[in-house]
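Q: Got a file for you: structure_27.csv, CSV, N, CA and C atoms and all ligand atoms.
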chain,number,residue,atom,x,y,z
A,6,MET,N,0.8,-1.2,0.0
A,6,MET,CA,0.0,0.0,0.0
A,6,MET,C,0.9,1.2,0.0
A,7,PRO,N,0.6,2.2,-0.9
A,7,PRO,CA,1.3,3.5,-0.8
A,7,PRO,C,1.2,4.1,0.6
A,8,ILE,N,2.2,4.8,1.0
A,8,ILE,CA,2.3,5.4,2.3
A,8,ILE,C,1.8,6.9,2.3
A,9,ASP,N,1.4,7.3,3.5
A,9,ASP,CA,1.0,8.7,3.7
A,9,ASP,C,2.3,9.5,4.0
A,10,PRO,N,2.8,10.4,3.2
A,10,PRO,CA,4.1,11.0,3.4
A,10,PRO,C,4.1,12.0,4.5
A,11,THR,N,2.9,12.3,5.1
A,11,THR,CA,2.8,13.3,6.2
A,11,THR,C,3.0,12.6,7.5
A,12,LEU,N,3.0,11.3,7.5
A,12,LEU,CA,3.2,10.6,8.8
A,12,LEU,C,4.6,10.8,9.3
A,13,PRO,N,4.8,10.7,10.6
A,13,PRO,CA,6.2,10.8,11.2
A,13,PRO,C,7.0,9.6,10.8
A,14,TYR,N,8.3,9.7,10.8
A,14,TYR,CA,9.2,8.6,10.4
A,14,TYR,C,8.9,7.4,11.3
A,15,ASP,N,8.9,6.2,10.7
A,15,ASP,CA,8.7,5.0,11.3
A,15,ASP,C,10.0,4.2,11.4
A,16,ALA,N,10.6,4.2,12.6
A,16,ALA,CA,12.0,3.6,12.8
A,16,ALA,C,12.0,2.1,12.5
A,17,ASN,N,10.8,1.5,12.4
A,17,ASN,CA,10.8,0.1,12.1
A,17,ASN,C,10.5,-0.2,10.6
A,18,ASN,N,10.6,0.8,9.7
A,18,ASN,CA,10.4,0.5,8.3
A,18,ASN,C,11.6,-0.4,7.8
A,19,ILE,N,11.3,-1.1,6.7
A,19,ILE,CA,12.3,-2.1,6.3
A,19,ILE,C,13.7,-1.5,5.9
A,20,PHE,N,13.7,-0.3,5.4
A,20,PHE,CA,15.0,0.3,5.0
A,20,PHE,C,15.8,0.7,6.3
A,21,ALA,N,15.0,1.1,7.3
A,21,ALA,CA,15.7,1.4,8.6
A,21,ALA,C,16.3,0.2,9.1
A,22,LYS,N,15.6,-0.9,9.0
A,22,LYS,CA,16.2,-2.2,9.5
A,22,LYS,C,17.4,-2.6,8.7
A,23,ILE,N,17.4,-2.3,7.4
A,23,ILE,CA,18.6,-2.6,6.5
A,23,ILE,C,19.7,-1.7,7.0
A,24,LEU,N,19.5,-0.5,7.2
A,24,LEU,CA,20.5,0.4,7.7
A,24,LEU,C,21.2,0.0,9.0
A,25,ARG,N,20.3,-0.6,9.9
A,25,ARG,CA,20.8,-1.1,11.2
A,25,ARG,C,21.4,-2.5,11.1
A,26,GLY,N,21.4,-3.1,9.9
A,26,GLY,CA,21.9,-4.4,9.7
A,26,GLY,C,21.0,-5.5,10.3
A,27,GLU,N,19.8,-5.2,10.6
A,27,GLU,CA,18.9,-6.2,11.2
A,27,GLU,C,18.3,-7.1,10.2
A,28,ILE,N,18.2,-6.7,8.9
A,28,ILE,CA,17.9,-7.6,7.8
A,28,ILE,C,18.9,-7.5,6.7
A,29,PRO,N,19.1,-8.5,5.9
A,29,PRO,CA,20.2,-8.5,4.9
A,29,PRO,C,19.9,-7.6,3.7
A,30,SER,N,20.9,-7.2,3.1
A,30,SER,CA,20.8,-6.5,1.8
A,30,SER,C,22.0,-6.8,1.0
A,31,ASN,N,21.9,-6.6,-0.3
A,31,ASN,CA,23.0,-6.8,-1.2
A,31,ASN,C,23.6,-5.4,-1.4
A,32,LYS,N,24.6,-5.1,-0.6
A,32,LYS,CA,25.2,-3.8,-0.5
A,32,LYS,C,26.0,-3.5,-1.8
A,33,VAL,N,25.8,-2.3,-2.3
A,33,VAL,CA,26.6,-1.8,-3.5
A,33,VAL,C,27.6,-0.7,-3.1
A,34,TYR,N,27.2,0.1,-2.1
A,34,TYR,CA,28.0,1.3,-1.8
A,34,TYR,C,27.6,1.8,-0.4
A,35,GLU,N,28.5,2.4,0.3
A,35,GLU,CA,28.2,3.1,1.6
A,35,GLU,C,29.2,4.2,1.9
A,36,ASP,N,28.7,5.3,2.4
A,36,ASP,CA,29.6,6.3,2.9
A,36,ASP,C,28.9,7.0,4.1
A,37,GLU,N,29.4,8.2,4.5
A,37,GLU,CA,28.9,8.8,5.7
A,37,GLU,C,27.4,9.2,5.5
A,38,TRP,N,27.0,9.4,4.3
A,38,TRP,CA,25.6,10.0,4.1
A,38,TRP,C,24.6,9.0,3.5
A,39,ALA,N,25.1,8.0,2.9
A,39,ALA,CA,24.2,7.2,2.1
A,39,ALA,C,24.6,5.7,2.1
A,40,TYR,N,23.6,4.9,1.8
A,40,TYR,CA,23.8,3.4,1.7
A,40,TYR,C,23.0,3.0,0.4
A,41,ALA,N,23.7,2.2,-0.4
A,41,ALA,CA,23.1,1.7,-1.7
A,41,ALA,C,23.1,0.2,-1.7
A,42,PHE,N,22.0,-0.4,-2.2
A,42,PHE,CA,21.8,-1.8,-2.3
A,42,PHE,C,20.9,-2.2,-3.4
A,43,GLU,N,21.0,-3.5,-3.8
A,43,GLU,CA,20.2,-3.9,-5.0
A,43,GLU,C,18.7,-4.1,-4.6
A,44,ASP,N,17.8,-3.6,-5.4
A,44,ASP,CA,16.4,-3.8,-5.2
A,44,ASP,C,16.1,-5.3,-5.2
A,45,ILE,N,15.3,-5.7,-4.3
A,45,ILE,CA,14.9,-7.2,-4.2
A,45,ILE,C,14.0,-7.7,-5.3
A,46,ASN,N,13.4,-6.8,-6.0
A,46,ASN,CA,12.5,-7.2,-7.1
A,46,ASN,C,12.8,-6.3,-8.3
A,47,PRO,N,13.9,-6.5,-8.9
A,47,PRO,CA,14.4,-5.6,-10.0
A,47,PRO,C,13.5,-5.4,-11.1
A,48,GLN,N,13.3,-4.2,-11.6
A,48,GLN,CA,12.4,-3.8,-12.7
A,48,GLN,C,13.2,-3.5,-13.9
A,49,ALA,N,14.6,-3.7,-13.9
A,49,ALA,CA,15.4,-3.4,-15.0
A,49,ALA,C,16.7,-4.2,-14.8
A,50,GLU,N,17.5,-4.3,-15.8
A,50,GLU,CA,18.8,-5.0,-15.7
A,50,GLU,C,19.6,-4.5,-14.5
A,51,VAL,N,19.6,-3.2,-14.4
A,51,VAL,CA,20.2,-2.6,-13.2
A,51,VAL,C,19.1,-1.9,-12.4
A,52,HIS,N,18.9,-2.2,-11.2
A,52,HIS,CA,17.9,-1.6,-10.3
A,52,HIS,C,18.5,-1.5,-8.9
A,53,THR,N,19.0,-0.4,-8.6
A,53,THR,CA,19.7,-0.2,-7.3
A,53,THR,C,19.0,0.9,-6.6
A,54,LEU,N,19.0,0.8,-5.3
A,54,LEU,CA,18.3,1.8,-4.4
A,54,LEU,C,19.4,2.5,-3.6
A,55,VAL,N,19.3,3.8,-3.5
A,55,VAL,CA,20.2,4.6,-2.7
A,55,VAL,C,19.3,5.3,-1.6
A,56,ILE,N,19.7,5.2,-0.4
A,56,ILE,CA,19.0,5.8,0.7
A,56,ILE,C,19.9,6.7,1.6
A,57,PRO,N,19.4,7.8,2.1
A,57,PRO,CA,20.2,8.6,3.1
A,57,PRO,C,20.2,7.8,4.4
A,58,LYS,N,21.3,8.1,5.1
A,58,LYS,CA,21.4,7.4,6.5
A,58,LYS,C,20.5,8.1,7.5
A,59,GLY,N,20.1,9.3,7.3
A,59,GLY,CA,19.2,10.0,8.2
A,59,GLY,C,17.8,9.5,8.0
A,60,GLU,N,17.0,9.9,9.0
A,60,GLU,CA,15.6,9.4,9.1
A,60,GLU,C,14.7,10.4,8.4
A,61,TYR,N,14.5,10.1,7.1
A,61,TYR,CA,13.6,11.0,6.3
A,61,TYR,C,12.6,10.1,5.5
A,62,VAL,N,11.3,10.5,5.6
A,62,VAL,CA,10.2,9.7,5.1
A,62,VAL,C,10.3,9.7,3.5
A,63,SER,N,10.6,10.8,3.0
A,63,SER,CA,10.4,11.0,1.5
A,63,SER,C,11.3,12.1,1.0
A,64,TRP,N,11.3,12.3,-0.3
A,64,TRP,CA,12.1,13.5,-0.8
A,64,TRP,C,11.5,14.8,-0.3
A,65,ASP,N,10.2,14.8,0.0
A,65,ASP,CA,9.6,16.1,0.5
A,65,ASP,C,10.2,16.3,1.9
A,66,ASP,N,10.2,15.3,2.7
A,66,ASP,CA,10.7,15.4,4.1
A,66,ASP,C,12.2,15.8,4.1
A,67,PHE,N,13.0,15.1,3.2
A,67,PHE,CA,14.4,15.3,3.1
A,67,PHE,C,14.7,16.8,2.7
A,68,SER,N,14.1,17.2,1.6
A,68,SER,CA,14.4,18.5,1.0
A,68,SER,C,14.0,19.6,2.0
A,69,THR,N,13.1,19.3,2.9
A,69,THR,CA,12.6,20.3,3.9
A,69,THR,C,13.6,20.4,5.1
A,70,LYS,N,13.9,19.2,5.6
A,70,LYS,CA,14.6,19.1,6.9
A,70,LYS,C,16.0,18.8,6.9
A,71,ALA,N,16.5,18.2,5.9
A,71,ALA,CA,17.9,17.7,5.9
A,71,ALA,C,18.9,18.9,5.8
A,72,SER,N,20.1,18.7,6.4
A,72,SER,CA,21.1,19.8,6.3
A,72,SER,C,21.7,19.8,4.8
A,73,ASP,N,22.3,20.9,4.5
A,73,ASP,CA,23.0,21.0,3.2
A,73,ASP,C,24.0,19.9,3.1
A,74,ALA,N,24.7,19.6,4.1
A,74,ALA,CA,25.7,18.5,4.1
A,74,ALA,C,25.1,17.1,3.8
A,75,GLU,N,23.9,16.9,4.4
A,75,GLU,CA,23.2,15.6,4.1
A,75,GLU,C,22.7,15.5,2.7
A,76,ILE,N,22.2,16.7,2.2
A,76,ILE,CA,21.6,16.7,0.9
A,76,ILE,C,22.8,16.5,-0.1
A,77,GLY,N,23.9,17.3,0.1
A,77,GLY,CA,25.0,17.2,-0.8
A,77,GLY,C,25.6,15.8,-0.8
A,78,GLY,N,25.8,15.2,0.4
A,78,GLY,CA,26.3,13.9,0.5
A,78,GLY,C,25.5,12.9,-0.2
A,79,PHE,N,24.2,13.0,-0.1
A,79,PHE,CA,23.3,12.0,-0.7
A,79,PHE,C,23.2,12.1,-2.2
A,80,VAL,N,23.1,13.3,-2.7
A,80,VAL,CA,23.1,13.5,-4.1
A,80,VAL,C,24.4,13.0,-4.8
A,81,ARG,N,25.5,13.3,-4.1
A,81,ARG,CA,26.8,12.8,-4.7
A,81,ARG,C,26.9,11.3,-4.6
A,82,ALA,N,26.3,10.7,-3.6
A,82,ALA,CA,26.3,9.3,-3.5
A,82,ALA,C,25.6,8.6,-4.7
A,83,VAL,N,24.4,9.2,-5.0
A,83,VAL,CA,23.6,8.7,-6.1
A,83,VAL,C,24.5,8.7,-7.4
A,84,GLY,N,25.1,9.8,-7.6
A,84,GLY,CA,26.0,9.9,-8.8
A,84,GLY,C,27.2,8.9,-8.8
A,85,THR,N,27.7,8.8,-7.6
A,85,THR,CA,28.8,7.8,-7.5
A,85,THR,C,28.4,6.4,-7.8
A,86,VAL,N,27.2,6.0,-7.3
A,86,VAL,CA,26.8,4.7,-7.6
A,86,VAL,C,26.5,4.5,-9.1
A,87,ALA,N,25.9,5.5,-9.7
A,87,ALA,CA,25.6,5.4,-11.1
A,87,ALA,C,26.9,5.2,-11.9
A,88,ARG,N,27.9,6.0,-11.6
A,88,ARG,CA,29.2,5.9,-12.3
A,88,ARG,C,29.8,4.6,-12.0
A,89,ALA,N,29.8,4.1,-10.8
A,89,ALA,CA,30.4,2.8,-10.5
A,89,ALA,C,29.7,1.7,-11.2
A,90,LYS,N,28.5,1.8,-11.5
A,90,LYS,CA,27.7,0.8,-12.2
A,90,LYS,C,27.9,0.9,-13.7
A,91,GLY,N,28.7,2.0,-14.2
A,91,GLY,CA,29.0,2.1,-15.6
A,91,GLY,C,27.8,2.6,-16.4
A,92,LEU,N,26.9,3.4,-15.8
A,92,LEU,CA,25.6,3.7,-16.4
A,92,LEU,C,25.6,5.1,-17.2
A,93,VAL,N,26.7,5.9,-17.0
A,93,VAL,CA,26.6,7.2,-17.5
A,93,VAL,C,26.5,7.2,-19.0
A,94,GLU,N,27.2,6.4,-19.7
A,94,GLU,CA,27.0,6.1,-21.1
A,94,GLU,C,26.6,4.6,-21.1
A,95,PRO,N,25.4,4.3,-21.7
A,95,PRO,CA,24.5,5.1,-22.5
A,95,PRO,C,23.4,5.8,-21.7
A,96,GLY,N,23.4,5.8,-20.4
A,96,GLY,CA,22.4,6.6,-19.7
A,96,GLY,C,21.6,5.7,-18.8
A,97,TYR,N,20.8,6.4,-17.9
A,97,TYR,CA,20.1,5.7,-16.9
A,97,TYR,C,18.9,6.6,-16.4
A,98,ARG,N,18.2,6.1,-15.5
A,98,ARG,CA,17.0,6.9,-15.0
A,98,ARG,C,17.1,6.9,-13.5
A,99,LEU,N,16.7,8.0,-12.9
A,99,LEU,CA,16.5,8.1,-11.4
A,99,LEU,C,15.0,8.3,-11.2
A,100,LEU,N,14.6,7.7,-10.1
A,100,LEU,CA,13.2,7.8,-9.7
A,100,LEU,C,13.0,7.9,-8.2
A,101,ALA,N,12.2,8.8,-7.7
A,101,ALA,CA,11.9,8.9,-6.3
A,101,ALA,C,10.4,8.9,-6.2
A,102,ASN,N,9.8,7.9,-5.7
A,102,ASN,CA,8.3,7.9,-5.5
A,102,ASN,C,8.0,8.6,-4.2
A,103,ILE,N,7.0,9.5,-4.2
A,103,ILE,CA,6.6,10.2,-3.0
A,103,ILE,C,5.1,10.1,-2.8
A,104,GLY,N,4.8,9.5,-1.6
A,104,GLY,CA,3.4,9.5,-1.2
A,104,GLY,C,2.5,8.7,-2.1
A,105,VAL,N,1.2,8.9,-1.9
A,105,VAL,CA,0.2,8.0,-2.5
A,105,VAL,C,0.2,8.1,-4.0
A,106,HIS,N,0.1,9.3,-4.6
A,106,HIS,CA,0.1,9.4,-6.1
A,106,HIS,C,1.4,8.9,-6.6
A,107,GLY,N,2.5,9.1,-5.9
A,107,GLY,CA,3.8,8.6,-6.3
A,107,GLY,C,4.0,7.1,-6.2
A,108,GLY,N,3.1,6.4,-5.5
A,108,GLY,CA,3.2,5.0,-5.3
A,108,GLY,C,4.3,4.5,-4.3
A,109,GLN,N,4.7,5.4,-3.4
A,109,GLN,CA,5.7,5.1,-2.5
A,109,GLN,C,5.2,4.0,-1.5
A,110,GLU,N,6.0,3.0,-1.4
A,110,GLU,CA,5.6,1.9,-0.4
A,110,GLU,C,6.5,1.8,0.8
A,111,VAL,N,7.7,2.2,0.7
A,111,VAL,CA,8.6,2.1,1.9
A,111,VAL,C,8.9,3.5,2.4
A,112,PRO,N,8.5,3.8,3.6
A,112,PRO,CA,8.6,5.2,4.1
A,112,PRO,C,9.9,5.6,4.7
A,113,HIS,N,11.0,5.4,3.9
A,113,HIS,CA,12.3,5.9,4.1
A,113,HIS,C,12.7,6.4,2.7
A,114,LEU,N,13.1,7.6,2.5
A,114,LEU,CA,13.5,8.1,1.2
A,114,LEU,C,14.4,7.2,0.5
A,115,HIS,N,14.1,6.9,-0.8
A,115,HIS,CA,15.0,6.1,-1.6
A,115,HIS,C,14.9,6.6,-3.0
A,116,VAL,N,16.1,6.6,-3.7
A,116,VAL,CA,16.1,6.9,-5.1
A,116,VAL,C,16.4,5.6,-5.8
A,117,HIS,N,15.6,5.3,-6.8
A,117,HIS,CA,15.8,4.1,-7.6
A,117,HIS,C,16.8,4.5,-8.7
A,118,ILE,N,17.8,3.7,-9.0
A,118,ILE,CA,18.6,3.9,-10.2
A,118,ILE,C,18.3,2.7,-11.1
A,119,PHE,N,17.8,3.0,-12.3
A,119,PHE,CA,17.5,2.0,-13.3
A,119,PHE,C,18.4,2.2,-14.5
A,120,GLY,N,18.9,1.1,-15.1
A,120,GLY,CA,19.7,1.2,-16.2
A,120,GLY,C,20.1,-0.2,-16.8
A,121,GLY,N,21.0,-0.2,-17.7
A,121,GLY,CA,21.5,-1.5,-18.3
A,121,GLY,C,20.7,-1.9,-19.5
A,122,GLN,N,19.7,-1.1,-19.8
A,122,GLN,CA,18.8,-1.4,-21.0
A,122,GLN,C,18.1,-0.1,-21.4
A,123,PRO,N,17.5,-0.1,-22.6
A,123,PRO,CA,16.6,1.1,-22.9
A,123,PRO,C,15.4,1.0,-22.0
A,124,LEU,N,15.0,2.2,-21.4
A,124,LEU,CA,14.0,2.2,-20.4
A,124,LEU,C,12.6,2.6,-20.8
A,125,GLY,N,12.5,2.9,-22.1
A,125,GLY,CA,11.2,3.2,-22.6
A,125,GLY,C,10.6,4.5,-22.1
A,126,ARG,N,9.3,4.5,-22.1
A,126,ARG,CA,8.6,5.8,-21.8
A,126,ARG,C,8.8,6.1,-20.3
A,127,MET,N,8.7,7.4,-20.1
A,127,MET,CA,8.9,7.9,-18.7
A,127,MET,C,7.9,7.4,-17.7
A,128,ILE,N,6.6,7.4,-18.2
A,128,ILE,CA,5.5,6.9,-17.4
A,128,ILE,C,4.7,5.9,-18.2
A,129,ALA,N,4.6,4.7,-17.6
A,129,ALA,CA,3.9,3.6,-18.4
A,129,ALA,C,2.4,4.0,-18.6
A,201,LIG,P1,8.7,2.4,-3.7
A,201,LIG,O1,7.5,1.9,-4.3
A,201,LIG,O2,9.4,3.5,-4.4
A,201,LIG,O3,8.5,2.7,-2.2
A,201,LIG,O4,9.8,1.2,-3.8
A,201,LIG,C1,10.1,0.3,-2.8
A,201,LIG,C2,11.2,-0.6,-3.4
A,201,LIG,O5,11.8,-1.3,-2.4
A,201,LIG,C3,10.6,-1.7,-4.4
A,201,LIG,O6,11.2,-1.5,-5.7
A,201,LIG,C4,10.9,-3.0,-3.7
A,201,LIG,O7,11.2,-4.0,-4.6
A,201,LIG,C5,12.1,-2.6,-2.8
A,201,LIG,N1,12.3,-3.4,-1.6
A,201,LIG,C6,11.4,-3.7,-0.7
A,201,LIG,N2,11.9,-4.5,0.3
A,201,LIG,C7,13.2,-4.6,-0.1
A,201,LIG,C8,14.4,-5.3,0.6
A,201,LIG,N3,14.2,-6.0,1.7
A,201,LIG,N4,15.5,-5.2,-0.1
A,201,LIG,C9,15.7,-4.6,-1.3
A,201,LIG,N5,14.7,-3.9,-1.9
A,201,LIG,C10,13.5,-3.9,-1.3
Using structure tokens, write down the structure from this file.
Ligand code: AMP

A:
Amino acid sequence: MPIDPTLPYDANNIFAKILRGEIPSNKVYEDEWAYAFEDINPQAEVHTLVIPKGEYVSWDDFSTKASDAEIGGFVRAVGTVARAKGLVEPGYRLLANIGVHGGQEVPHLHVHIFGGQPLGRMIA
């Protein structure tokens, strides 16, 4: 079920548990600001998720409350992961679902990185 992005952060969401190492993930990258891992149900040849280490429900929450250092660190981490995956040429797609209309299911901000194949239309 899509989440209500106005709800307070739920420290028991599945990505919080991944960050705490309570459930396994296929780690791709980690630094001070971000953690990246493979999506469990990939929708493309490459489907990697990047999440901030801070407790933010969504892009809306993050862009409102995160410090400039957190935002800078997270945005750079997304680029680092895409480059490390060799996606810059021929290209890739970033996606952040927010709230009910966005179809967001996990209430911890995550950016999807899709690539490794032509990705078709922007919205199906
Ligand atoms: P969204 O609809 O943007 O909230 O996307 C949530 C994404 O998290 C989906 O693509 C799921 O396949 C993915 N996902 C859910 N649980 C896990 C998990 N334990 N490990 C990796 N990816 C997950």

Q: Using only N, CA and C atoms and all ligand atoms, determine which residues fall within 6 Å of ligand LIG 201 (chain A), then list them as an NGL selection string.

A: :A and (30 or 43-47 or 101-102 or 108-112)

Q: Could those residues be written to a file, using N, CA and C atoms, as a PDB file, keeping the file's coordinate frame?

A:
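See part33.pdb below for the written result:
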ATOM      1  N   SER A  30      20.900  -7.200   3.100  1.00  0.00           N
ATOM      2  CA  SER A  30      20.800  -6.500   1.800  1.00  0.00           C
ATOM      3  C   SER A  30      22.000  -6.800   1.000  1.00  0.00           C
ATOM      4  N   GLU A  43      21.000  -3.500  -3.800  1.00  0.00           N
ATOM      5  CA  GLU A  43      20.200  -3.900  -5.000  1.00  0.00           C
ATOM      6  C   GLU A  43      18.700  -4.100  -4.600  1.00  0.00           C
ATOM      7  N   ASP A  44      17.800  -3.600  -5.400  1.00  0.00           N
ATOM      8  CA  ASP A  44      16.400  -3.800  -5.200  1.00  0.00           C
ATOM      9  C   ASP A  44      16.100  -5.300  -5.200  1.00  0.00           C
ATOM     10  N   ILE A  45      15.300  -5.700  -4.300  1.00  0.00           N
ATOM     11  CA  ILE A  45      14.900  -7.200  -4.200  1.00  0.00           C
ATOM     12  C   ILE A  45      14.000  -7.700  -5.300  1.00  0.00           C
ATOM     13  N   ASN A  46      13.400  -6.800  -6.000  1.00  0.00           N
ATOM     14  CA  ASN A  46      12.500  -7.200  -7.100  1.00  0.00           C
ATOM     15  C   ASN A  46      12.800  -6.300  -8.300  1.00  0.00           C
ATOM     16  N   PRO A  47      13.900  -6.500  -8.900  1.00  0.00           N
ATOM     17  CA  PRO A  47      14.400  -5.600 -10.000  1.00  0.00           C
ATOM     18  C   PRO A  47      13.500  -5.400 -11.100  1.00  0.00           C
ATOM     19  N   ALA A 101      12.200   8.800  -7.700  1.00  0.00           N
ATOM     20  CA  ALA A 101      11.900   8.900  -6.300  1.00  0.00           C
ATOM     21  C   ALA A 101      10.400   8.900  -6.200  1.00  0.00           C
ATOM     22  N   ASN A 102       9.800   7.900  -5.700  1.00  0.00           N
ATOM     23  CA  ASN A 102       8.300   7.900  -5.500  1.00  0.00           C
ATOM     24  C   ASN A 102       8.000   8.600  -4.200  1.00  0.00           C
ATOM     25  N   GLY A 108       3.100   6.400  -5.500  1.00  0.00           N
ATOM     26  CA  GLY A 108       3.200   5.000  -5.300  1.00  0.00           C
ATOM     27  C   GLY A 108       4.300   4.500  -4.300  1.00  0.00           C
ATOM     28  N   GLN A 109       4.700   5.400  -3.400  1.00  0.00           N
ATOM     29  CA  GLN A 109       5.700   5.100  -2.500  1.00  0.00           C
ATOM     30  C   GLN A 109       5.200   4.000  -1.500  1.00  0.00           C
ATOM     31  N   GLU A 110       6.000   3.000  -1.400  1.00  0.00           N
ATOM     32  CA  GLU A 110       5.600   1.900  -0.400  1.00  0.00           C
ATOM     33  C   GLU A 110       6.500   1.800   0.800  1.00  0.00           C
ATOM     34  N   VAL A 111       7.700   2.200   0.700  1.00  0.00           N
ATOM     35  CA  VAL A 111       8.600   2.100   1.900  1.00  0.00           C
ATOM     36  C   VAL A 111       8.900   3.500   2.400  1.00  0.00           C
ATOM     37  N   PRO A 112       8.500   3.800   3.600  1.00  0.00           N
ATOM     38  CA  PRO A 112       8.600   5.200   4.100  1.00  0.00           C
ATOM     39  C   PRO A 112       9.900   5.600   4.700  1.00  0.00           C
TER      40      PRO A 112
END

Q: So, counting all atoms listed in the file, which residue among A:His52, A:Arg126, A:Leu99, A:Gly59 is closest to Glu75 (chain A)?

A: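 Checking each candidate against Glu75 (chain A), we get A:Gly59 as the closest.
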
Q: Could you go through region 10-123 of chain A and tell me which residues DSSP, when run on the backbone, assigns to strand (DSSP E or B), listing them as a list in words?

A: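 The strand (DSSP E or B) residues within region 10-123 of chain A come out as Lys32, Val33, Tyr34, Glu35, Ala39, Tyr40, Ala41, Phe42, Glu43, Val51, His52, Thr53, Leu54, Val55, Ile56, Pro57, Tyr97, Arg98, Leu99, Leu100, Val116, His117, Ile118, Phe119 and Gly120 of chain A.
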
Q: Please produce a file of the residues just selected, as a CSV table (one decimal), keeping the file's coordinate frame, where the atoms kept are N, CA and C atoms.

A:
chain,number,residue,atom,x,y,z
A,32,LYS,N,24.6,-5.1,-0.6
A,32,LYS,CA,25.2,-3.8,-0.5
A,32,LYS,C,26.0,-3.5,-1.8
A,33,VAL,N,25.8,-2.3,-2.3
A,33,VAL,CA,26.6,-1.8,-3.5
A,33,VAL,C,27.6,-0.7,-3.1
A,34,TYR,N,27.2,0.1,-2.1
A,34,TYR,CA,28.0,1.3,-1.8
A,34,TYR,C,27.6,1.8,-0.4
A,35,GLU,N,28.5,2.4,0.3
A,35,GLU,CA,28.2,3.1,1.6
A,35,GLU,C,29.2,4.2,1.9
A,39,ALA,N,25.1,8.0,2.9
A,39,ALA,CA,24.2,7.2,2.1
A,39,ALA,C,24.6,5.7,2.1
A,40,TYR,N,23.6,4.9,1.8
A,40,TYR,CA,23.8,3.4,1.7
A,40,TYR,C,23.0,3.0,0.4
A,41,ALA,N,23.7,2.2,-0.4
A,41,ALA,CA,23.1,1.7,-1.7
A,41,ALA,C,23.1,0.2,-1.7
A,42,PHE,N,22.0,-0.4,-2.2
A,42,PHE,CA,21.8,-1.8,-2.3
A,42,PHE,C,20.9,-2.2,-3.4
A,43,GLU,N,21.0,-3.5,-3.8
A,43,GLU,CA,20.2,-3.9,-5.0
A,43,GLU,C,18.7,-4.1,-4.6
A,51,VAL,N,19.6,-3.2,-14.4
A,51,VAL,CA,20.2,-2.6,-13.2
A,51,VAL,C,19.1,-1.9,-12.4
A,52,HIS,N,18.9,-2.2,-11.2
A,52,HIS,CA,17.9,-1.6,-10.3
A,52,HIS,C,18.5,-1.5,-8.9
A,53,THR,N,19.0,-0.4,-8.6
A,53,THR,CA,19.7,-0.2,-7.3
A,53,THR,C,19.0,0.9,-6.6
A,54,LEU,N,19.0,0.8,-5.3
A,54,LEU,CA,18.3,1.8,-4.4
A,54,LEU,C,19.4,2.5,-3.6
A,55,VAL,N,19.3,3.8,-3.5
A,55,VAL,CA,20.2,4.6,-2.7
A,55,VAL,C,19.3,5.3,-1.6
A,56,ILE,N,19.7,5.2,-0.4
A,56,ILE,CA,19.0,5.8,0.7
A,56,ILE,C,19.9,6.7,1.6
A,57,PRO,N,19.4,7.8,2.1
A,57,PRO,CA,20.2,8.6,3.1
A,57,PRO,C,20.2,7.8,4.4
A,97,TYR,N,20.8,6.4,-17.9
A,97,TYR,CA,20.1,5.7,-16.9
A,97,TYR,C,18.9,6.6,-16.4
A,98,ARG,N,18.2,6.1,-15.5
A,98,ARG,CA,17.0,6.9,-15.0
A,98,ARG,C,17.1,6.9,-13.5
A,99,LEU,N,16.7,8.0,-12.9
A,99,LEU,CA,16.5,8.1,-11.4
A,99,LEU,C,15.0,8.3,-11.2
A,100,LEU,N,14.6,7.7,-10.1
A,100,LEU,CA,13.2,7.8,-9.7
A,100,LEU,C,13.0,7.9,-8.2
A,116,VAL,N,16.1,6.6,-3.7
A,116,VAL,CA,16.1,6.9,-5.1
A,116,VAL,C,16.4,5.6,-5.8
A,117,HIS,N,15.6,5.3,-6.8
A,117,HIS,CA,15.8,4.1,-7.6
A,117,HIS,C,16.8,4.5,-8.7
A,118,ILE,N,17.8,3.7,-9.0
A,118,ILE,CA,18.6,3.9,-10.2
A,118,ILE,C,18.3,2.7,-11.1
A,119,PHE,N,17.8,3.0,-12.3
A,119,PHE,CA,17.5,2.0,-13.3
A,119,PHE,C,18.4,2.2,-14.5
A,120,GLY,N,18.9,1.1,-15.1
A,120,GLY,CA,19.7,1.2,-16.2
A,120,GLY,C,20.1,-0.2,-16.8

Q: Select from chain A everything DSSP, run on the backbone, classes as helix (DSSP H, G or I), then give the selection as JSON, numbers by chain.

A: {"A": [19, 20, 21, 22, 23, 24, 64, 65, 66, 67, 68, 69, 70, 73, 74, 75, 76, 77, 78, 79, 80, 81, 82, 83, 84, 85, 86, 87, 88, 89, 104, 105, 106, 107]}

Q: One decimal, Å: what's the distance from CA of His113 (chain A) over to CA of Glu37 (chain A), could you say?

A: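 Computed distance, CA of His113 (chain A) to CA of Glu37 (chain A), equals 16.9 Å.
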
Q: Tell me which of A:Asn31, A:Ser68, A:Thr11, A:Thr85 sits closest to Gly104 (chain A), counting all atoms listed in the file.

A: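 Checking each candidate against Gly104 (chain A), we get A:Thr11 as the closest.
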
Q: Applying 10 Å and only C-alpha atoms, which residues near Ala89 (chain A) remain after dropping the ones on its own chain fewer than 5 positions away? List them as an MDAnalysis selection string.

A: chainID A and resid 33:34 84

Q: Could you take the residues named above and write them with N, CA and C atoms, as a PDB file, keeping the file's coordinate frame?

A:
ATOM      1  N   VAL A  33      25.800  -2.300  -2.300  1.00  0.00           N
ATOM      2  CA  VAL A  33      26.600  -1.800  -3.500  1.00  0.00           C
ATOM      3  C   VAL A  33      27.600  -0.700  -3.100  1.00  0.00           C
ATOM      4  N   TYR A  34      27.200   0.100  -2.100  1.00  0.00           N
ATOM      5  CA  TYR A  34      28.000   1.300  -1.800  1.00  0.00           C
ATOM      6  C   TYR A  34      27.600   1.800  -0.400  1.00  0.00           C
ATOM      7  N   GLY A  84      25.100   9.800  -7.600  1.00  0.00           N
ATOM      8  CA  GLY A  84      26.000   9.900  -8.800  1.00  0.00           C
ATOM      9  C   GLY A  84      27.200   8.900  -8.800  1.00  0.00           C
TER      10      GLY A  84
END

Q: For Ile118 (chain A), which of A:Leu54, A:Ala16, A:Leu24, A:Ala41 is the closest residue, counting all atoms listed in the file?

A: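 Closest residue, counting all atoms listed in the file: A:Leu54.
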